[in-house]
Structure formats: structure tokens, C-alpha cells
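Participant: Sending over entry.txt (compact mmCIF, C-alpha atoms and all ligand atoms).
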# COMPACT_ATOMS: atom_id res chain seq x y z
CA MET A 1 0.00 0.00 0.00
CA ASP A 2 1.18 3.46 -0.85
CA VAL A 3 1.08 5.47 2.34
CA THR A 4 3.17 8.39 1.21
CA PRO A 5 1.39 11.69 1.59
CA GLY A 6 -0.77 12.24 -1.45
CA GLY A 7 -0.28 8.65 -2.55
CA THR A 8 -3.18 8.90 -4.99
CA GLY A 9 -1.43 11.36 -7.22
CA ASP A 10 -1.77 14.53 -5.18
CA ALA A 11 1.23 16.85 -5.30
CA GLY A 12 1.85 15.94 -1.65
CA HIS A 13 1.89 18.54 1.09
CA SER A 14 4.08 16.59 3.49
CA ALA A 15 4.47 18.64 6.66
CA ALA A 16 4.97 22.29 7.56
CA SER A 17 6.36 23.88 10.70
CA ILE A 18 4.00 25.93 12.86
CA THR A 19 5.20 29.15 14.43
CA LEU A 20 3.13 30.86 17.09
CA ASP A 21 4.52 34.35 17.32
CA GLY A 22 3.22 36.25 20.33
CA ILE A 23 -0.35 35.02 19.90
CA ARG A 24 -3.02 36.36 22.24
CA LYS A 25 -6.68 35.68 22.86
CA ARG A 26 -8.98 37.84 24.90
CA TYR A 27 -12.58 36.65 24.74
CA PRO A 28 -15.33 39.28 24.37
CA ASP A 29 -16.16 39.03 28.09
CA GLY A 30 -12.60 40.14 28.91
CA THR A 31 -11.14 36.70 29.77
CA ASP A 32 -7.46 36.61 28.84
CA ALA A 33 -7.30 32.96 27.80
CA VAL A 34 -3.87 33.38 26.19
CA ARG A 35 -1.88 36.45 27.22
CA GLU A 36 1.06 35.95 24.90
CA LEU A 37 2.51 32.73 23.61
CA SER A 38 5.39 32.05 21.26
CA LEU A 39 6.20 28.50 20.27
CA GLU A 40 7.72 26.76 17.27
CA VAL A 41 6.60 23.29 16.23
CA PRO A 42 9.18 21.81 13.83
CA ALA A 43 7.88 20.16 10.66
CA GLY A 44 7.08 16.50 11.16
CA GLU A 45 7.15 16.62 14.96
CA LEU A 46 4.41 15.82 17.42
CA VAL A 47 4.10 18.48 20.09
CA VAL A 48 1.83 18.01 23.09
CA LEU A 49 0.17 20.91 24.89
CA ILE A 50 -0.52 20.03 28.50
CA GLY A 51 -1.50 21.99 31.58
CA PRO A 52 -4.26 22.39 34.15
CA SER A 53 -7.88 22.79 33.13
CA GLY A 54 -8.65 26.24 31.76
CA CYS A 55 -5.03 27.21 31.02
CA GLY A 56 -5.83 27.86 27.37
CA LYS A 57 -4.78 24.66 25.55
CA SER A 58 -7.88 24.32 23.38
CA THR A 59 -7.89 28.04 22.68
CA VAL A 60 -4.31 27.80 21.38
CA LEU A 61 -5.14 24.77 19.23
CA ARG A 62 -8.24 26.33 17.73
CA MET A 63 -6.43 29.52 16.88
CA VAL A 64 -4.19 27.49 14.57
CA ASN A 65 -7.16 26.54 12.36
CA ARG A 66 -8.94 29.83 13.12
CA LEU A 67 -11.98 28.26 14.73
CA ILE A 68 -11.03 30.94 17.25
CA GLU A 69 -9.64 34.21 15.93
CA PRO A 70 -6.52 35.43 17.75
CA THR A 71 -6.71 38.95 19.14
CA GLY A 72 -3.01 39.49 18.55
CA GLY A 73 0.20 37.96 17.22
CA ARG A 74 0.89 35.88 14.14
CA ILE A 75 0.67 32.20 13.24
CA LEU A 76 2.86 30.87 10.45
CA LEU A 77 2.52 27.58 8.58
CA GLY A 78 5.98 27.23 7.12
CA ASP A 79 6.62 30.81 5.94
CA GLU A 80 2.98 31.69 5.37
CA ASP A 81 1.15 33.97 7.79
CA ILE A 82 -2.22 32.25 8.13
CA THR A 83 -3.83 34.89 10.30
CA ARG A 84 -4.88 36.64 7.09
CA VAL A 85 -5.97 33.79 4.81
CA ASP A 86 -9.56 32.59 4.26
CA PRO A 87 -10.31 30.41 7.33
CA VAL A 88 -12.57 28.01 5.44
CA LYS A 89 -9.89 27.23 2.86
CA LEU A 90 -7.31 27.07 5.64
CA ARG A 91 -9.27 24.35 7.45
CA ARG A 92 -9.12 22.14 4.37
CA ARG A 93 -5.35 22.11 4.76
CA ILE A 94 -5.44 21.31 8.46
CA GLY A 95 -6.67 18.00 9.88
CA TYR A 96 -8.64 18.29 13.11
CA VAL A 97 -9.50 15.45 15.48
CA ILE A 98 -11.62 16.03 18.58
CA GLN A 99 -12.63 13.97 21.58
CA ASN A 100 -15.94 12.62 20.34
CA VAL A 101 -14.77 12.55 16.75
CA GLY A 102 -17.76 14.42 15.30
CA LEU A 103 -18.39 11.92 12.47
CA PHE A 104 -21.50 12.62 10.41
CA PRO A 105 -24.02 10.07 11.75
CA HIS A 106 -26.00 9.65 8.52
CA GLN A 107 -22.97 9.09 6.32
CA THR A 108 -21.04 5.86 5.85
CA VAL A 109 -17.48 5.51 7.05
CA THR A 110 -16.16 5.89 3.48
CA THR A 111 -18.21 9.05 2.91
CA ASN A 112 -17.08 10.48 6.25
CA VAL A 113 -13.43 9.88 5.39
CA GLY A 114 -13.94 11.55 1.99
CA THR A 115 -15.38 14.77 3.43
CA VAL A 116 -12.50 17.15 2.72
CA PRO A 117 -11.47 15.57 -0.62
CA ARG A 118 -15.09 16.08 -1.75
CA LEU A 119 -14.93 19.75 -0.77
CA LEU A 120 -11.69 19.99 -2.72
CA GLY A 121 -13.43 18.60 -5.81
CA TRP A 122 -11.56 15.32 -6.15
CA SER A 123 -13.09 12.74 -8.51
CA LYS A 124 -15.30 10.01 -7.01
CA GLU A 125 -12.85 7.31 -7.94
CA ARG A 126 -9.92 9.12 -6.36
CA ILE A 127 -11.90 9.74 -3.17
CA ARG A 128 -12.94 6.09 -2.95
CA GLN A 129 -9.37 4.94 -3.46
CA ARG A 130 -7.99 7.43 -0.93
CA SER A 131 -10.66 6.48 1.67
CA GLY A 132 -9.69 2.82 1.25
CA GLU A 133 -6.01 3.60 1.71
CA LEU A 134 -6.64 5.66 4.80
CA LEU A 135 -8.91 3.09 6.41
CA GLU A 136 -6.23 0.45 5.90
CA LEU A 137 -3.65 2.82 7.30
CA VAL A 138 -5.62 3.18 10.55
CA GLY A 139 -6.19 -0.57 10.76
CA LEU A 140 -9.76 -0.88 9.48
CA ASP A 141 -10.54 -3.17 6.54
CA PRO A 142 -12.37 -0.97 4.00
CA ALA A 143 -14.42 -3.93 2.72
CA GLN A 144 -15.69 -4.64 6.22
CA PHE A 145 -16.10 -1.15 7.63
CA GLY A 146 -16.44 1.22 4.65
CA ARG A 147 -20.23 0.87 4.32
CA ARG A 148 -21.02 0.99 8.02
CA TYR A 149 -22.48 4.01 9.78
CA PRO A 150 -20.76 5.54 12.83
CA HIS A 151 -23.24 3.98 15.29
CA GLU A 152 -22.23 0.54 13.99
CA LEU A 153 -18.64 1.03 15.24
CA SER A 154 -16.97 0.79 18.65
CA GLY A 155 -15.61 3.95 20.27
CA GLY A 156 -12.05 3.01 19.30
CA GLN A 157 -13.05 2.30 15.70
CA ARG A 158 -14.84 5.65 15.49
CA GLN A 159 -11.72 7.35 16.76
CA ARG A 160 -9.68 5.69 14.01
CA VAL A 161 -12.17 6.82 11.38
CA GLY A 162 -11.79 10.33 12.80
CA VAL A 163 -8.02 10.13 12.32
CA ALA A 164 -8.45 8.71 8.78
CA ARG A 165 -10.82 11.56 7.93
CA ALA A 166 -8.40 14.15 9.28
CA LEU A 167 -5.59 12.72 7.13
CA ALA A 168 -7.65 12.18 3.96
CA ALA A 169 -6.65 15.28 2.01
CA ASP A 170 -3.03 15.04 3.14
CA PRO A 171 -3.09 18.06 5.45
CA VAL A 172 0.10 19.93 6.25
CA VAL A 173 -0.78 19.90 9.91
CA LEU A 174 -2.89 17.77 12.23
CA LEU A 175 -4.54 19.25 15.33
CA MET A 176 -5.83 16.83 17.95
CA ASP A 177 -7.86 17.89 20.99
CA GLU A 178 -8.00 15.11 23.60
CA PRO A 179 -8.30 12.58 20.75
CA PHE A 180 -8.11 9.43 22.87
CA SER A 181 -9.84 10.47 26.07
CA ALA A 182 -13.32 9.16 25.21
CA VAL A 183 -12.21 5.51 25.16
CA ASP A 184 -11.32 3.22 28.04
CA PRO A 185 -7.68 3.02 29.19
CA ILE A 186 -6.88 -0.28 27.44
CA VAL A 187 -8.26 0.84 24.09
CA ARG A 188 -6.55 4.19 24.61
CA THR A 189 -3.14 2.60 25.04
CA ARG A 190 -3.66 0.51 21.90
CA LEU A 191 -4.81 3.52 19.89
CA GLN A 192 -1.79 5.48 21.10
CA GLU A 193 0.55 2.72 19.97
CA GLU A 194 -1.16 2.47 16.59
CA PHE A 195 -1.06 6.22 16.30
CA LEU A 196 2.69 6.29 16.91
CA ARG A 197 3.18 3.73 14.14
CA LEU A 198 0.98 5.80 11.85
CA GLN A 199 2.92 8.96 12.64
CA ALA A 200 6.20 7.17 11.89
CA GLU A 201 4.80 6.57 8.39
CA VAL A 202 3.11 9.86 7.61
CA ARG A 203 5.32 12.20 9.67
CA LYS A 204 2.83 15.04 9.98
CA THR A 205 3.32 18.13 12.07
CA ILE A 206 0.95 17.46 14.95
CA VAL A 207 -0.23 19.53 17.89
CA LEU A 208 -2.07 17.41 20.43
CA VAL A 209 -3.86 18.64 23.55
CA THR A 210 -4.19 16.30 26.51
CA HIS A 211 -4.75 16.22 30.26
CA ASP A 212 -2.88 12.97 30.56
CA LEU A 213 0.83 13.20 31.36
CA ASP A 214 1.44 9.55 30.46
CA GLU A 215 -0.07 10.19 27.04
CA ALA A 216 2.08 13.30 26.63
CA VAL A 217 5.24 11.39 27.53
CA ARG A 218 4.34 8.45 25.30
CA LEU A 219 3.40 10.44 22.21
CA GLY A 220 5.25 13.74 22.32
CA ASP A 221 8.51 14.51 20.56
CA ARG A 222 8.26 17.62 22.72
CA ILE A 223 5.90 18.73 25.43
CA ALA A 224 4.78 22.30 26.09
CA VAL A 225 3.61 22.75 29.68
CA LEU A 226 1.22 25.69 29.96
CA SER A 227 -0.09 27.45 33.05
CA GLU A 228 -3.01 29.85 33.40
CA GLY A 229 -3.30 32.41 30.62
CA GLY A 230 -1.42 30.20 28.15
CA ARG A 231 1.91 30.94 29.82
CA LEU A 232 4.66 28.63 28.56
CA GLU A 233 6.31 27.09 31.62
CA GLN A 234 8.58 24.66 29.78
CA TYR A 235 9.01 23.34 26.26
CA ASP A 236 11.19 20.26 26.13
CA THR A 237 11.53 16.61 25.19
CA PRO A 238 9.75 14.22 27.56
CA ALA A 239 13.06 13.04 29.02
CA ALA A 240 14.30 16.59 29.63
CA LEU A 241 10.97 17.66 31.12
CA LEU A 242 10.89 14.74 33.54
CA GLY A 243 14.62 14.95 34.27
CA ALA A 244 14.86 18.68 34.82
CA PRO A 245 11.58 20.48 35.49
CA ALA A 246 12.25 24.19 34.85
CA SER A 247 10.07 25.60 37.65
CA PRO A 248 8.25 24.58 40.83
CA PHE A 249 5.02 24.66 38.78
CA VAL A 250 6.37 22.08 36.31
CA ARG A 251 7.91 20.02 39.09
CA GLU A 252 4.55 19.77 40.79
CA PHE A 253 2.76 19.17 37.52
CA VAL A 254 4.94 16.25 36.45
CA GLY A 255 4.54 14.78 39.91
CA ALA A 256 6.44 12.70 42.37
CA ASP A 257 6.48 9.66 40.10
CA ARG A 258 8.37 11.41 37.33
CA GLY A 259 11.36 9.11 37.95
CA ILE A 260 9.45 6.05 36.80
CA ARG A 261 7.94 7.99 33.90
CA ARG A 262 11.42 9.05 32.93
CA LEU A 263 12.57 5.44 32.76
CA ALA A 264 9.88 4.80 30.17
CA VAL A 265 11.39 7.41 27.83
CA THR A 266 15.05 6.55 28.47
CA PRO A 267 16.37 4.04 25.92
CA VAL A 268 18.95 1.46 26.92
CA THR A 269 22.02 2.39 24.86
CA ARG A 270 25.56 0.94 24.87
CA GLU A 271 26.71 3.98 26.88
CA VAL A 272 24.60 3.09 29.92
CA LEU A 273 25.66 -0.57 30.17
CA ASP A 274 27.70 -1.24 33.30
CA GLY A 275 28.85 -4.82 33.05
CA ALA A 276 30.35 -7.41 30.70
CA ALA A 277 28.06 -9.84 28.91
CA THR A 278 29.04 -12.88 30.91
CA ASP A 279 25.92 -14.26 32.56
CA ALA A 280 23.74 -16.05 30.02
CA THR A 281 21.15 -16.89 32.70
CA LEU A 282 20.00 -13.27 32.96
CA PRO A 283 16.82 -12.16 31.20
CA GLU A 284 17.56 -10.68 27.78
CA LEU A 285 16.65 -7.22 26.61
CA PRO A 286 17.34 -5.87 23.11
CA LEU A 287 19.33 -2.64 22.90
CA GLY A 288 17.04 0.34 22.35
CA ARG A 289 14.24 -0.81 24.65
CA SER A 290 13.43 1.45 27.59
CA ALA A 291 15.03 1.46 31.02
CA TYR A 292 11.51 0.82 32.31
CA ASP A 293 11.37 -2.41 30.26
CA ALA A 294 14.75 -3.40 31.71
CA LEU A 295 13.46 -2.91 35.26
CA ALA A 296 10.27 -4.83 34.46
CA ALA A 297 12.34 -7.73 33.05
CA MET A 298 14.45 -7.83 36.25
CA LEU A 299 11.41 -7.76 38.51
CA THR A 300 9.72 -10.53 36.53
CA ALA A 301 12.82 -12.74 36.56
CA GLY A 302 13.86 -11.81 40.12
CA THR A 303 17.37 -10.74 39.01
CA ASP A 304 19.53 -7.68 39.63
CA ALA A 305 20.54 -7.21 36.00
CA VAL A 306 19.55 -7.87 32.39
CA LEU A 307 21.66 -9.15 29.53
CA VAL A 308 21.42 -6.54 26.79
CA THR A 309 21.59 -7.86 23.25
CA ALA A 310 22.34 -6.22 19.92
CA ASP A 311 21.08 -8.10 16.83
CA GLY A 312 20.57 -11.14 19.07
CA ARG A 313 24.17 -11.13 20.36
CA PRO A 314 25.15 -10.19 23.94
CA ALA A 315 26.36 -6.57 24.20
CA GLY A 316 26.72 -6.19 27.97
CA THR A 317 24.72 -6.17 31.18
CA LEU A 318 22.69 -3.45 32.82
CA SER A 319 22.30 -3.54 36.58
CA ARG A 320 19.27 -2.59 38.63
CA ALA A 321 21.31 0.10 40.42
CA ARG A 322 22.24 1.67 37.10
CA VAL A 323 18.59 1.67 35.97
CA LEU A 324 17.56 3.39 39.21
CA ASP A 325 20.26 6.00 38.58
CA LEU A 326 18.78 6.67 35.16
CA GLY A 327 15.51 7.64 36.82
CA GLN A 328 17.21 10.28 38.91
CA PRO A 329 17.21 13.93 37.87
CA GLY A 330 20.45 15.13 36.31
CA SER A 331 21.70 11.66 35.34
N1 LIG B 401 -16.02 31.62 24.50
C1 LIG B 401 -15.41 31.94 25.65
N2 LIG B 401 -15.70 33.09 26.30
C2 LIG B 401 -15.07 33.45 27.43
N3 LIG B 401 -14.12 32.70 28.03
C3 LIG B 401 -13.80 31.54 27.42
C4 LIG B 401 -14.42 31.10 26.21
N4 LIG B 401 -13.88 29.90 25.88
C5 LIG B 401 -12.97 29.61 26.81
N5 LIG B 401 -12.91 30.59 27.75
C6 LIG B 401 -12.02 30.67 28.91
O1 LIG B 401 -10.69 30.73 28.45
C7 LIG B 401 -9.83 29.99 29.32
C8 LIG B 401 -9.09 28.92 28.52
O2 LIG B 401 -10.04 27.96 28.03
P1 LIG B 401 -9.59 26.68 27.21
O3 LIG B 401 -10.81 25.91 26.85
O4 LIG B 401 -8.68 27.11 26.12
O5 LIG B 401 -8.74 25.91 28.31
P2 LIG B 401 -8.18 24.42 28.31
O6 LIG B 401 -6.81 24.49 28.86
O7 LIG B 401 -8.35 23.81 26.97
O8 LIG B 401 -9.16 23.75 29.37
P3 LIG B 401 -9.63 22.21 29.57
O9 LIG B 401 -8.38 21.44 29.82
O10 LIG B 401 -10.50 22.31 30.78
O11 LIG B 401 -10.35 21.81 28.32
C9 LIG B 401 -10.72 29.44 30.42
O12 LIG B 401 -10.64 30.31 31.51
C10 LIG B 401 -12.10 29.47 29.81
O13 LIG B 401 -13.10 29.63 30.79
For this file, produce the structure as C-alpha cells.
Facilitator:
Amino acid sequence: MDVTPGGTGDAGHSAASITLDGIRKRYPDGTDAVRELSLEVPAGELVVLIGPSGCGKSTVLRMVNRLIEPTGGRILLGDEDITRVDPVKLRRRIGYVIQNVGLFPHQTVTTNVGTVPRLLGWSKERIRQRSGELLELVGLDPAQFGRRYPHELSGGQRQRVGVARALAADPVVLLMDEPFSAVDPIVRTRLQEEFLRLQAEVRKTIVLVTHDLDEAVRLGDRIAVLSEGGRLEQYDTPAALLGAPASPFVREFVGADRGIRRLAVTPVTREVLDGAATDATLPELPLGRSAYDALAAMLTAGTDAVLVTADGRPAGTLSRARVLDLGQPGS
């Protein structure tokens, strides 16, 4: 299957960076939802906006596709200032996924996925082909699911259709507002994993809003922690954020269990190994897995170390003490 952007003959938009340049939003009642925020999202990266309820996350997200008009500042997609372009045309270039998906209930899955291509005037055949590709990409067999209506799907399946629809016209940017929060935790974890695989293939520029720190750490290339009024407290990789919170606010926000969270985003590399590969009775762990996986393997096997392998051959051992060090700030 051709999963390259615009695989059905479109010119291909690939991904564009997003620059928020001093954006502000004051609602008509005088609420300063976003006082001033500057942030750059590199092309092809997934950036998570996280922060306490009411800090302005959704307002920021919706200013990017102009569902909410900024009261100040500029937003650039690549080099283009989009604060002045036609918002309706803009939204056709930006995928948008929300919590309860918002599928059209009286349209089939295939028709839902083809919404934006139809608005763009694609031919019927091209839309049908693109819908099929996208459904396969999100793990739904088009022959089985294409003719169903949204109420004939599970919550997780609906969410996948929502993602397929958002990607259908090969948007330059994907905005996601709490996309996985309406499904139960097990389905959520599976959707997150599938979504990471999908992102590895399509490499869109994505801004995702969530309340869930674990989700932020799992999905984000970078995380922007916001406080009230859209104030940017820290903008960093998950490992840096958990390892070195920049302020007491962030420290409190990432919580006392940030050490264990940090292990989950710390890969086991050759540099961290602290013993020779001598003990073949130890549980094995391939290089590149997380320090959290290493600790889990030790706890399961009741050992104090794992044998780390590279291409199936022993590369060294990693001790429990070393893993615990990796969870400490500043290591
Ligand atoms: N239309 C509106 N008019 C006035 N104030 C608004 C409006 N929409 C949002 N607000 C306020 O702006 C602030 C930011 O809201 P926003 O929805 O962006 O926050 P959020 O971080 O996404 O919150 P949550 O996590 O609870 O969804 C809040 O104080 C909210 O009450």
C-alpha cells in the first residue's frame, strides 16, 4: 500500500512547521485565555500541549485553524502567515480530530473519510481509493467497515475513522484535541501505539492537547507545559521535562512519580551498560528498549541485572542500580 502523503497522485503537502509568534486571545467578556505565547513546532514533529484545566490549551489549538480568531500575534505555517488567509480554505489544509470525533451520523465511514477531498473537488474514484487507503492505514478493513455508519462502530473504531478523515486530504498539519480520552484506558493505550506507528509513516506536524501526562510522555517529541493564561512554563523533550523540570510549577505538575515515567522514555544504549556480557542466565533485553522495560524484566525474573543484546548477540549487562540512577534527575 502506498502510504506516502498524497499517494493517490496529489502533489503531496508533506508537513509544515507551525510558528506561534506572540499570539493572544482575549474573549469578548474580557477573559485573557492566552496572554502571549510564542512556540515553534518543527515540521514532522508531534508536540503536546498540557496543563491544568482552563489554562488555554484548546484556545491555542483552535487559533491554529482559526476556529477561534486570535486577538493578537501571528501564526505561520511554514513561511505563510495564516492569520490573514480565508479560514474556510485554511481548514481544508489542516486536519482536526476532537474527543468525540464528530463523524456525520447519517454518512457511511467511506463518505465520512472523503469529506475534505469532496470539498476539494476530487473525482469520485480518487476519493474512494484514498478512503480505502486511509482506512487500511488506521487498521480498518475498508471492505468490512467502509459501508457501516458511525453507530455501527466501537468507540475506538470511530476514533480511528476520525483520524483517517483528518488525514484524507493530506493536510500539512494535524490538530488533535483530547483525541483518545473518550475511550477506556486499554483501548486508549492501543490507539496510542497504533497512532505512533501511523505517525512514523506519515510524519505530519501534529499539535495534540491532553490532560494525561502519560499520554504526553508516550506520544510527544516535545511537550509544552502551559499554566493559566497560556503561559509557557517549559518546552522540552519528555526526558528533559521529567529529568529537569524548569520551575516549581512544572515540578509539581509532572509529579512525584516522574522518575518512573522518565525510565519509560530513556532508551537502553551501549553507553549506559555497566557490566560485561558474561551471565547467560539473565533475562535478555534488546538494545534500544526502555530502562523501564529493563526494570520490568528484572522484577519478573527476580534478578539484579539484564543481559542486553544487539542483533541477538550479547552486548553487555545493565544492573538494577544503574537503571535506578537513570531515573534520577540530572543523570
Ligand atoms: N467563548 C469563551 N468566552 C469566554 N471565556 C472563554 C471562552 N472559551 C474559553 N474561555 C475561557 O478561556 C480559558 C481557557 O479555556 P480553554 O478551553 O482554552 O482551556 P483548556 O486548557 O483547553 O481547558 P480544559 O483542559 O478544561 O479543556 C478558560 O478560563 C475558559 O473559561
Participant: Would you mind listing what lies within 6 Å of region 149-155 of chain A as a list in words, with only C-alpha atoms counted and same-chain residues fewer than 4 positions away left out?
Facilitator: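 The filter keeps Pro105, Thr108 and Val109 of chain A.
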Participant: Go ahead and save the picked residues with C-alpha atoms, as a tab-separated table (two decimals), in the coordinates of the input.
Facilitator:
chain	number	residue	atom	x	y	z
A	105	PRO	CA	-24.02	10.07	11.75
A	108	THR	CA	-21.04	5.86	5.85
A	109	VAL	CA	-17.48	5.51	7.05
Participant: Let me make sure I understand: among A:Ile75, A:Val209, A:Val88, A:Val48, which one has the smallest atom-to-atom distance to ligand LIG 401 (chain B) if we use all atoms listed in the file?
Facilitator: A:Val209
Participant: When you draw a straight line from CA of Glu69 (chain A) to CA of Arg231 (chain A), how long is it in Å?
Facilitator: 18.4 Å
Participant: When distances are computed from only C-alpha atoms, which of A:Ala321, A:Ala277, A:Ala294, A:Ile68 shows the smallest separation from Tyr27 (chain A)?
Facilitator: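 Ranking A:Ala321, A:Ala277, A:Ala294, A:Ile68 by distance to Tyr27 (chain A), first place goes to A:Ile68.
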Participant: Please report, as CSV, each residue of chain A lying at most 9 Å from ligand LIG 401 (chain B), together with the nearest pair of atoms and the separation in Å rounded to one decimal; use all atoms listed in the file, and order rows by chain and ascending residue number.
Facilitator:
residue,atom,partner,partner_atom,distance
A:Lys25,CA,B:LIG401,O1,8.5
A:Arg26,CA,B:LIG401,N3,7.9
A:Tyr27,CA,B:LIG401,C2,4.9
A:Pro28,CA,B:LIG401,N2,6.5
A:Asp29,CA,B:LIG401,C2,5.7
A:Gly30,CA,B:LIG401,C2,7.3
A:Thr31,CA,B:LIG401,N3,5.3
A:Asp32,CA,B:LIG401,O1,6.7
A:Ala33,CA,B:LIG401,O1,4.1
A:Val34,CA,B:LIG401,C8,7.3
A:Leu49,CA,B:LIG401,O6,8.8
A:Ile50,CA,B:LIG401,O6,7.7
A:Gly51,CA,B:LIG401,O6,6.5
A:Pro52,CA,B:LIG401,O9,6.1
A:Ser53,CA,B:LIG401,O10,3.6
A:Gly54,CA,B:LIG401,O5,3.5
A:Cys55,CA,B:LIG401,O6,3.9
A:Gly56,CA,B:LIG401,O4,3.2
A:Lys57,CA,B:LIG401,O6,3.9
A:Ser58,CA,B:LIG401,O7,3.7
A:Thr59,CA,B:LIG401,O4,3.7
A:Val60,CA,B:LIG401,O4,6.5
A:Leu61,CA,B:LIG401,O4,8.1
A:Arg62,CA,B:LIG401,O4,8.4
A:Ile68,CA,B:LIG401,N1,8.8
A:Asp177,CA,B:LIG401,O7,8.4
A:Glu178,CA,B:LIG401,O11,8.5
A:Val209,CA,B:LIG401,O7,7.7
A:Thr210,CA,B:LIG401,O9,7.4
A:His211,CA,B:LIG401,O9,6.4
A:Leu226,CA,B:LIG401,O6,8.2
A:Ser227,CA,B:LIG401,O6,8.5
A:Glu228,CA,B:LIG401,C8,7.9
A:Gly229,CA,B:LIG401,C8,7.1
A:Gly230,CA,B:LIG401,C8,7.8
Participant: May I ask for the distance between CA of Ile94 (chain A) and CA of Leu219 (chain A), given in Å to one decimal place?
Facilitator: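 Atom-to-atom, CA of Ile94 (chain A) to CA of Leu219 (chain A), that is 19.6 Å.
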